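Source file: entry.cif. Holds: mmCIF, N, CA and C atoms.
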data_input
loop_
_atom_site.label_atom_id
_atom_site.label_comp_id
_atom_site.auth_asym_id
_atom_site.auth_seq_id
_atom_site.Cartn_x
_atom_site.Cartn_y
_atom_site.Cartn_z
N MET A 11 4.61 44.08 -17.95
CA MET A 11 4.16 43.79 -16.62
C MET A 11 2.87 42.98 -16.62
N ALA A 12 1.99 43.28 -17.50
CA ALA A 12 0.70 42.60 -17.50
C ALA A 12 0.79 41.17 -18.04
N ASN A 13 1.84 40.88 -18.80
CA ASN A 13 1.96 39.56 -19.41
C ASN A 13 2.87 38.62 -18.65
N GLU A 14 3.29 39.01 -17.48
CA GLU A 14 4.19 38.15 -16.71
C GLU A 14 3.41 36.97 -16.15
N PRO A 15 3.98 35.76 -16.27
CA PRO A 15 3.28 34.60 -15.69
C PRO A 15 3.35 34.63 -14.17
N SER A 16 2.33 34.11 -13.56
CA SER A 16 2.33 34.07 -12.09
C SER A 16 3.33 33.03 -11.62
N PRO A 17 4.01 33.29 -10.53
CA PRO A 17 5.01 32.33 -10.05
C PRO A 17 4.34 31.05 -9.56
N LYS A 18 5.00 29.94 -9.82
CA LYS A 18 4.48 28.65 -9.36
C LYS A 18 4.76 28.50 -7.87
N PRO A 19 3.84 27.88 -7.15
CA PRO A 19 4.11 27.67 -5.72
C PRO A 19 5.25 26.66 -5.55
N ALA A 20 6.02 26.86 -4.51
CA ALA A 20 7.15 25.98 -4.24
C ALA A 20 6.63 24.58 -3.87
N PRO A 21 7.28 23.55 -4.37
CA PRO A 21 6.85 22.20 -4.00
C PRO A 21 7.11 21.94 -2.51
N SER A 22 6.30 21.10 -1.95
CA SER A 22 6.45 20.78 -0.53
C SER A 22 7.73 20.00 -0.30
N ALA A 23 8.44 20.35 0.74
CA ALA A 23 9.68 19.64 1.08
C ALA A 23 9.38 18.34 1.81
N PHE A 24 8.17 18.22 2.34
CA PHE A 24 7.83 17.02 3.11
C PHE A 24 7.45 15.89 2.17
N PRO A 25 8.08 14.72 2.29
CA PRO A 25 7.78 13.60 1.39
C PRO A 25 6.37 13.06 1.61
N ARG A 26 5.76 12.63 0.53
CA ARG A 26 4.39 12.10 0.61
C ARG A 26 4.35 10.81 1.43
N TRP A 27 5.38 9.98 1.30
CA TRP A 27 5.38 8.72 2.04
C TRP A 27 5.45 8.96 3.54
N GLY A 28 5.99 10.09 3.96
CA GLY A 28 6.03 10.41 5.38
C GLY A 28 4.66 10.77 5.92
N ALA A 29 3.83 11.36 5.06
CA ALA A 29 2.49 11.75 5.49
C ALA A 29 1.57 10.55 5.67
N ILE A 30 1.79 9.50 4.90
CA ILE A 30 0.92 8.33 5.00
C ILE A 30 1.55 7.21 5.83
N ALA A 31 2.72 7.45 6.41
CA ALA A 31 3.43 6.39 7.13
C ALA A 31 2.65 5.88 8.33
N LEU A 32 2.13 6.79 9.16
CA LEU A 32 1.44 6.35 10.38
C LEU A 32 0.14 5.59 10.10
N PRO A 33 -0.79 6.14 9.33
CA PRO A 33 -2.03 5.38 9.13
C PRO A 33 -1.82 4.09 8.37
N ALA A 34 -0.95 4.11 7.37
CA ALA A 34 -0.73 2.90 6.58
C ALA A 34 -0.07 1.81 7.42
N SER A 35 0.93 2.17 8.22
CA SER A 35 1.61 1.15 9.01
C SER A 35 0.72 0.62 10.14
N ALA A 36 -0.12 1.47 10.71
CA ALA A 36 -1.05 1.00 11.74
C ALA A 36 -2.06 0.02 11.14
N LEU A 37 -2.53 0.34 9.95
CA LEU A 37 -3.49 -0.55 9.28
C LEU A 37 -2.85 -1.89 8.92
N TRP A 38 -1.70 -1.84 8.28
CA TRP A 38 -1.04 -3.09 7.90
C TRP A 38 -0.60 -3.89 9.12
N GLY A 39 -0.14 -3.21 10.17
CA GLY A 39 0.24 -3.92 11.38
C GLY A 39 -0.95 -4.63 12.01
N THR A 40 -2.10 -3.98 12.02
CA THR A 40 -3.30 -4.60 12.57
C THR A 40 -3.73 -5.81 11.75
N VAL A 41 -3.71 -5.66 10.43
CA VAL A 41 -4.12 -6.77 9.55
C VAL A 41 -3.16 -7.96 9.71
N LEU A 42 -1.88 -7.69 9.69
CA LEU A 42 -0.92 -8.79 9.86
C LEU A 42 -1.03 -9.39 11.26
N GLY A 43 -1.28 -8.54 12.26
CA GLY A 43 -1.47 -9.04 13.62
C GLY A 43 -2.70 -9.93 13.74
N LEU A 44 -3.76 -9.60 12.99
CA LEU A 44 -4.95 -10.46 12.99
C LEU A 44 -4.63 -11.85 12.45
N PHE A 45 -3.87 -11.88 11.36
CA PHE A 45 -3.50 -13.18 10.79
C PHE A 45 -2.62 -13.99 11.74
N ILE A 46 -1.66 -13.32 12.35
CA ILE A 46 -0.79 -14.02 13.30
C ILE A 46 -1.58 -14.43 14.54
N GLY A 47 -2.50 -13.56 14.98
CA GLY A 47 -3.35 -13.92 16.12
C GLY A 47 -4.26 -15.08 15.80
N ALA A 48 -4.77 -15.15 14.57
CA ALA A 48 -5.60 -16.29 14.18
C ALA A 48 -4.79 -17.57 14.18
N TYR A 49 -3.55 -17.47 13.78
CA TYR A 49 -2.68 -18.65 13.75
C TYR A 49 -2.44 -19.18 15.17
N PHE A 50 -2.22 -18.26 16.11
CA PHE A 50 -1.94 -18.67 17.48
C PHE A 50 -3.19 -18.78 18.35
N GLY A 51 -4.35 -18.41 17.82
CA GLY A 51 -5.59 -18.64 18.53
C GLY A 51 -6.21 -17.47 19.27
N ASN A 52 -5.64 -16.26 19.17
CA ASN A 52 -6.22 -15.12 19.86
C ASN A 52 -6.13 -13.88 18.95
N LEU A 53 -7.26 -13.54 18.33
CA LEU A 53 -7.28 -12.43 17.39
C LEU A 53 -7.01 -11.08 18.05
N ALA A 54 -7.58 -10.86 19.22
CA ALA A 54 -7.47 -9.56 19.87
C ALA A 54 -6.03 -9.23 20.25
N ILE A 55 -5.35 -10.18 20.84
CA ILE A 55 -3.95 -9.94 21.23
C ILE A 55 -3.08 -9.77 19.99
N GLY A 56 -3.32 -10.58 18.97
CA GLY A 56 -2.55 -10.43 17.74
C GLY A 56 -2.75 -9.07 17.09
N ALA A 57 -4.00 -8.60 17.05
CA ALA A 57 -4.29 -7.30 16.46
C ALA A 57 -3.66 -6.17 17.28
N ALA A 58 -3.72 -6.28 18.59
CA ALA A 58 -3.15 -5.23 19.44
C ALA A 58 -1.63 -5.17 19.30
N ILE A 59 -0.97 -6.31 19.28
CA ILE A 59 0.48 -6.33 19.12
C ILE A 59 0.86 -5.84 17.72
N GLY A 60 0.13 -6.29 16.71
CA GLY A 60 0.40 -5.85 15.35
C GLY A 60 0.22 -4.35 15.18
N ALA A 61 -0.84 -3.80 15.76
CA ALA A 61 -1.07 -2.35 15.67
C ALA A 61 0.04 -1.59 16.39
N GLY A 62 0.46 -2.09 17.53
CA GLY A 62 1.54 -1.42 18.26
C GLY A 62 2.84 -1.43 17.49
N LEU A 63 3.17 -2.56 16.90
CA LEU A 63 4.38 -2.62 16.07
C LEU A 63 4.26 -1.74 14.84
N GLY A 64 3.07 -1.72 14.24
CA GLY A 64 2.85 -0.89 13.06
C GLY A 64 3.00 0.59 13.37
N ILE A 65 2.47 1.02 14.50
CA ILE A 65 2.59 2.43 14.88
C ILE A 65 4.04 2.77 15.18
N GLY A 66 4.77 1.87 15.80
CA GLY A 66 6.19 2.11 16.04
C GLY A 66 6.98 2.26 14.75
N ILE A 67 6.70 1.42 13.79
CA ILE A 67 7.37 1.52 12.49
C ILE A 67 6.94 2.81 11.78
N GLY A 68 5.65 3.14 11.87
CA GLY A 68 5.16 4.37 11.26
C GLY A 68 5.80 5.62 11.85
N LEU A 69 5.99 5.64 13.16
CA LEU A 69 6.65 6.78 13.80
C LEU A 69 8.10 6.89 13.35
N THR A 70 8.76 5.76 13.15
CA THR A 70 10.14 5.78 12.66
C THR A 70 10.20 6.37 11.26
N LEU A 71 9.29 5.95 10.39
CA LEU A 71 9.25 6.50 9.03
C LEU A 71 8.89 7.98 9.04
N PHE A 72 7.97 8.36 9.92
CA PHE A 72 7.58 9.77 10.03
C PHE A 72 8.76 10.62 10.48
N ALA A 73 9.54 10.12 11.44
CA ALA A 73 10.72 10.86 11.89
C ALA A 73 11.74 11.00 10.77
N ALA A 74 11.91 9.94 9.98
CA ALA A 74 12.83 10.02 8.84
C ALA A 74 12.35 11.05 7.83
N ALA A 75 11.05 11.13 7.61
CA ALA A 75 10.51 12.12 6.68
C ALA A 75 10.72 13.54 7.19
N ILE A 76 10.63 13.74 8.50
CA ILE A 76 10.89 15.06 9.07
C ILE A 76 12.34 15.45 8.86
N VAL A 77 13.26 14.51 9.05
CA VAL A 77 14.68 14.80 8.84
C VAL A 77 14.94 15.15 7.38
N ILE A 78 14.36 14.39 6.46
CA ILE A 78 14.54 14.66 5.02
C ILE A 78 13.97 16.02 4.67
N ALA A 79 12.80 16.35 5.20
CA ALA A 79 12.18 17.64 4.91
C ALA A 79 13.03 18.79 5.46
N SER A 80 13.61 18.62 6.62
CA SER A 80 14.43 19.69 7.18
C SER A 80 15.72 19.88 6.38
N VAL A 81 16.26 18.79 5.84
CA VAL A 81 17.46 18.92 5.00
C VAL A 81 17.11 19.62 3.69
N ARG A 82 15.98 19.26 3.10
CA ARG A 82 15.57 19.90 1.83
C ARG A 82 15.27 21.38 2.02
N ALA A 83 14.72 21.74 3.18
CA ALA A 83 14.34 23.13 3.42
C ALA A 83 15.54 23.96 3.86
N GLY A 84 16.64 23.29 4.22
CA GLY A 84 17.83 24.01 4.63
C GLY A 84 17.78 24.52 6.04
N VAL A 85 17.03 23.85 6.88
CA VAL A 85 16.91 24.28 8.28
C VAL A 85 18.02 23.69 9.10
#
Structure translated into structure tokens:
Amino acid sequence: MANEPSPKPAPSAFPRWGAIALPASALWGTVLGLFIGAYFGNLAIGAAIGAGLGIGIGLTLFAAAIVIASVRAGV
């Protein structure tokens, strides 16, 4: 009894890419929007549209990660 190894904690069912999907996509969307806005002559509108598209893509990836985590957990 005294020599039994302690049980390892169960690995997280939630994918790591799902956790970073929102901030990463918002950042990349803003940066790409700045470049597109610079090309068309208005940085602010380009950044706002890019951030909005990035957050939309990030939410889609986050939802996919939730589905994958629920399948792995057997819920």
Which is closest to A:Gly62 among A:Ala23, A:Ile76, A:Leu37, A:Val81, if we use only C-alpha atoms?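 Checking each of A:Ala23, A:Ile76, A:Leu37, A:Val81 against A:Gly62, counting only C-alpha atoms, the winner is A:Leu37.
If you look at atom CA of A:Phe72 and atom CA of A:Gly47, they are 26.8 Å away from each other.
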With a distance cut-off of 6 Å and only C-alpha atoms, select the neighbouring residues of A:Gly68, excluding the residue or stretch itself and same-chain residues fewer than 4 positions from it, and output the selection as JSON, numbers by chain. {"A": [31, 32, 35]}
Those residues with N, CA and C atoms, as a tab-separated table (two decimals), in the coordinates of the input please?
chain	number	residue	atom	x	y	z
A	31	ALA	N	2.72	7.45	6.41
A	31	ALA	CA	3.43	6.39	7.13
A	31	ALA	C	2.65	5.88	8.33
A	32	LEU	N	2.13	6.79	9.16
A	32	LEU	CA	1.44	6.35	10.38
A	32	LEU	C	0.14	5.59	10.10
A	35	SER	N	0.93	2.17	8.22
A	35	SER	CA	1.61	1.15	9.01
A	35	SER	C	0.72	0.62	10.14
Taking the chain letters and numbering used in this document, name the residues of chain A that DSSP puts in alpha helix (DSSP H), as a PyMOL selection string. chain A and resi 26-29+31-50+53-83
A:Leu42: which residues within 9 Å, counting only C-alpha atoms, same-chain residues fewer than 3 positions away excluded, as a list in words?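 The residues that qualify are Leu37, Trp38, Gly39, Phe45, Ile46, Gly47, Gly56, Ala57, Gly60 and Ala61 of chain A.
Put simply, atom N of A:Ile78 is 22.8 Å away from atom N of A:Leu63.
Across A:Ile59, A:Ala54, A:Ile65, A:Ala75, the tightest approach to A:Pro33 is made by A:Ile65 when counting only C-alpha atoms.
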Considering only C-alpha atoms, can you say which of A:Ala36, A:Ile30, A:Leu44, A:Ala20 comes closest to A:Gly64?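 The answer is A:Ala36, which sits nearest to A:Gly64.
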Atom N of A:Gly66 and atom N of A:Ser22, how far apart in Å?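 Computed distance, atom N of A:Ser22 to atom N of A:Gly66, equals 26.2 Å.
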Written-out stretch 37-49 of chain A (all heavy atoms) as a PDB file, in the first residue's frame:
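Output file result12.pdb follows:
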ATOM      1  N   LEU A  37      -6.363  38.772 -33.089  1.00  0.00           N
ATOM      2  CA  LEU A  37      -5.098  39.464 -33.344  1.00  0.00           C
ATOM      3  C   LEU A  37      -4.720  39.409 -34.820  1.00  0.00           C
ATOM      4  O   LEU A  37      -4.401  40.437 -35.425  1.00  0.00           O
ATOM      5  CB  LEU A  37      -3.988  38.847 -32.489  1.00  0.00           C
ATOM      6  CG  LEU A  37      -2.600  39.436 -32.675  1.00  0.00           C
ATOM      7  CD1 LEU A  37      -2.572  40.867 -32.168  1.00  0.00           C
ATOM      8  CD2 LEU A  37      -1.571  38.608 -31.947  1.00  0.00           C
ATOM      9  N   TRP A  38      -4.758  38.217 -35.397  1.00  0.00           N
ATOM     10  CA  TRP A  38      -4.398  38.094 -36.810  1.00  0.00           C
ATOM     11  C   TRP A  38      -5.388  38.822 -37.709  1.00  0.00           C
ATOM     12  O   TRP A  38      -4.996  39.414 -38.725  1.00  0.00           O
ATOM     13  CB  TRP A  38      -4.297  36.625 -37.212  1.00  0.00           C
ATOM     14  CG  TRP A  38      -2.984  36.048 -36.847  1.00  0.00           C
ATOM     15  CD1 TRP A  38      -2.720  35.200 -35.819  1.00  0.00           C
ATOM     16  CD2 TRP A  38      -1.726  36.317 -37.484  1.00  0.00           C
ATOM     17  NE1 TRP A  38      -1.387  34.923 -35.778  1.00  0.00           N
ATOM     18  CE2 TRP A  38      -0.752  35.588 -36.790  1.00  0.00           C
ATOM     19  CE3 TRP A  38      -1.343  37.096 -38.559  1.00  0.00           C
ATOM     20  CZ2 TRP A  38       0.592  35.618 -37.152  1.00  0.00           C
ATOM     21  CZ3 TRP A  38      -0.006  37.117 -38.912  1.00  0.00           C
ATOM     22  CH2 TRP A  38       0.935  36.386 -38.216  1.00  0.00           C
ATOM     23  N   GLY A  39      -6.673  38.784 -37.359  1.00  0.00           N
ATOM     24  CA  GLY A  39      -7.658  39.513 -38.152  1.00  0.00           C
ATOM     25  C   GLY A  39      -7.407  41.007 -38.121  1.00  0.00           C
ATOM     26  O   GLY A  39      -7.508  41.689 -39.149  1.00  0.00           O
ATOM     27  N   THR A  40      -7.048  41.534 -36.960  1.00  0.00           N
ATOM     28  CA  THR A  40      -6.755  42.960 -36.848  1.00  0.00           C
ATOM     29  C   THR A  40      -5.516  43.339 -37.658  1.00  0.00           C
ATOM     30  O   THR A  40      -5.507  44.344 -38.367  1.00  0.00           O
ATOM     31  CB  THR A  40      -6.559  43.352 -35.373  1.00  0.00           C
ATOM     32  OG1 THR A  40      -7.722  42.972 -34.639  1.00  0.00           O
ATOM     33  CG2 THR A  40      -6.336  44.839 -35.218  1.00  0.00           C
ATOM     34  N   VAL A  41      -4.480  42.517 -37.554  1.00  0.00           N
ATOM     35  CA  VAL A  41      -3.239  42.808 -38.294  1.00  0.00           C
ATOM     36  C   VAL A  41      -3.483  42.754 -39.804  1.00  0.00           C
ATOM     37  O   VAL A  41      -3.072  43.659 -40.547  1.00  0.00           O
ATOM     38  CB  VAL A  41      -2.121  41.829 -37.874  1.00  0.00           C
ATOM     39  CG1 VAL A  41      -0.920  41.936 -38.795  1.00  0.00           C
ATOM     40  CG2 VAL A  41      -1.720  42.088 -36.432  1.00  0.00           C
ATOM     41  N   LEU A  42      -4.162  41.719 -40.255  1.00  0.00           N
ATOM     42  CA  LEU A  42      -4.449  41.628 -41.693  1.00  0.00           C
ATOM     43  C   LEU A  42      -5.379  42.754 -42.132  1.00  0.00           C
ATOM     44  O   LEU A  42      -5.235  43.296 -43.236  1.00  0.00           O
ATOM     45  CB  LEU A  42      -5.050  40.264 -42.019  1.00  0.00           C
ATOM     46  CG  LEU A  42      -4.098  39.080 -41.867  1.00  0.00           C
ATOM     47  CD1 LEU A  42      -4.830  37.771 -42.121  1.00  0.00           C
ATOM     48  CD2 LEU A  42      -2.918  39.217 -42.804  1.00  0.00           C
ATOM     49  N   GLY A  43      -6.337  43.110 -41.263  1.00  0.00           N
ATOM     50  CA  GLY A  43      -7.226  44.224 -41.580  1.00  0.00           C
ATOM     51  C   GLY A  43      -6.480  45.547 -41.683  1.00  0.00           C
ATOM     52  O   GLY A  43      -6.819  46.403 -42.505  1.00  0.00           O
ATOM     53  N   LEU A  44      -5.445  45.731 -40.851  1.00  0.00           N
ATOM     54  CA  LEU A  44      -4.632  46.948 -40.950  1.00  0.00           C
ATOM     55  C   LEU A  44      -3.936  47.031 -42.304  1.00  0.00           C
ATOM     56  O   LEU A  44      -3.889  48.101 -42.920  1.00  0.00           O
ATOM     57  CB  LEU A  44      -3.603  46.985 -39.820  1.00  0.00           C
ATOM     58  CG  LEU A  44      -4.100  47.438 -38.463  1.00  0.00           C
ATOM     59  CD1 LEU A  44      -3.028  47.218 -37.410  1.00  0.00           C
ATOM     60  CD2 LEU A  44      -4.518  48.886 -38.504  1.00  0.00           C
ATOM     61  N   PHE A  45      -3.388  45.904 -42.751  1.00  0.00           N
ATOM     62  CA  PHE A  45      -2.718  45.908 -44.052  1.00  0.00           C
ATOM     63  C   PHE A  45      -3.701  46.177 -45.196  1.00  0.00           C
ATOM     64  O   PHE A  45      -3.414  46.956 -46.104  1.00  0.00           O
ATOM     65  CB  PHE A  45      -1.984  44.588 -44.292  1.00  0.00           C
ATOM     66  CG  PHE A  45      -0.723  44.459 -43.494  1.00  0.00           C
ATOM     67  CD1 PHE A  45      -0.574  43.436 -42.589  1.00  0.00           C
ATOM     68  CD2 PHE A  45       0.318  45.368 -43.647  1.00  0.00           C
ATOM     69  CE1 PHE A  45       0.586  43.299 -41.848  1.00  0.00           C
ATOM     70  CE2 PHE A  45       1.480  45.259 -42.914  1.00  0.00           C
ATOM     71  CZ  PHE A  45       1.614  44.220 -42.011  1.00  0.00           C
ATOM     72  N   ILE A  46      -4.859  45.547 -45.122  1.00  0.00           N
ATOM     73  CA  ILE A  46      -5.864  45.777 -46.166  1.00  0.00           C
ATOM     74  C   ILE A  46      -6.385  47.206 -46.088  1.00  0.00           C
ATOM     75  O   ILE A  46      -6.598  47.861 -47.113  1.00  0.00           O
ATOM     76  CB  ILE A  46      -6.996  44.747 -46.047  1.00  0.00           C
ATOM     77  CG1 ILE A  46      -6.448  43.360 -46.382  1.00  0.00           C
ATOM     78  CG2 ILE A  46      -8.164  45.082 -46.954  1.00  0.00           C
ATOM     79  CD1 ILE A  46      -7.395  42.227 -46.107  1.00  0.00           C
ATOM     80  N   GLY A  47      -6.564  47.707 -44.859  1.00  0.00           N
ATOM     81  CA  GLY A  47      -7.001  49.100 -44.697  1.00  0.00           C
ATOM     82  C   GLY A  47      -5.962  50.078 -45.209  1.00  0.00           C
ATOM     83  O   GLY A  47      -6.315  51.122 -45.783  1.00  0.00           O
ATOM     84  N   ALA A  48      -4.681  49.777 -45.018  1.00  0.00           N
ATOM     85  CA  ALA A  48      -3.630  50.645 -45.543  1.00  0.00           C
ATOM     86  C   ALA A  48      -3.650  50.648 -47.064  1.00  0.00           C
ATOM     87  O   ALA A  48      -3.410  51.676 -47.701  1.00  0.00           O
ATOM     88  CB  ALA A  48      -2.266  50.195 -45.022  1.00  0.00           C
ATOM     89  N   TYR A  49      -3.946  49.506 -47.637  1.00  0.00           N
ATOM     90  CA  TYR A  49      -3.998  49.410 -49.099  1.00  0.00           C
ATOM     91  C   TYR A  49      -5.141  50.260 -49.658  1.00  0.00           C
ATOM     92  O   TYR A  49      -4.986  50.935 -50.674  1.00  0.00           O
ATOM     93  CB  TYR A  49      -4.161  47.949 -49.524  1.00  0.00           C
ATOM     94  CG  TYR A  49      -4.272  47.756 -51.007  1.00  0.00           C
ATOM     95  CD1 TYR A  49      -3.154  47.863 -51.820  1.00  0.00           C
ATOM     96  CD2 TYR A  49      -5.495  47.481 -51.602  1.00  0.00           C
ATOM     97  CE1 TYR A  49      -3.248  47.698 -53.178  1.00  0.00           C
ATOM     98  CE2 TYR A  49      -5.608  47.315 -52.958  1.00  0.00           C
ATOM     99  CZ  TYR A  49      -4.477  47.417 -53.755  1.00  0.00           C
ATOM    100  OH  TYR A  49      -4.590  47.256 -55.114  1.00  0.00           O
TER     101      TYR A  49
END
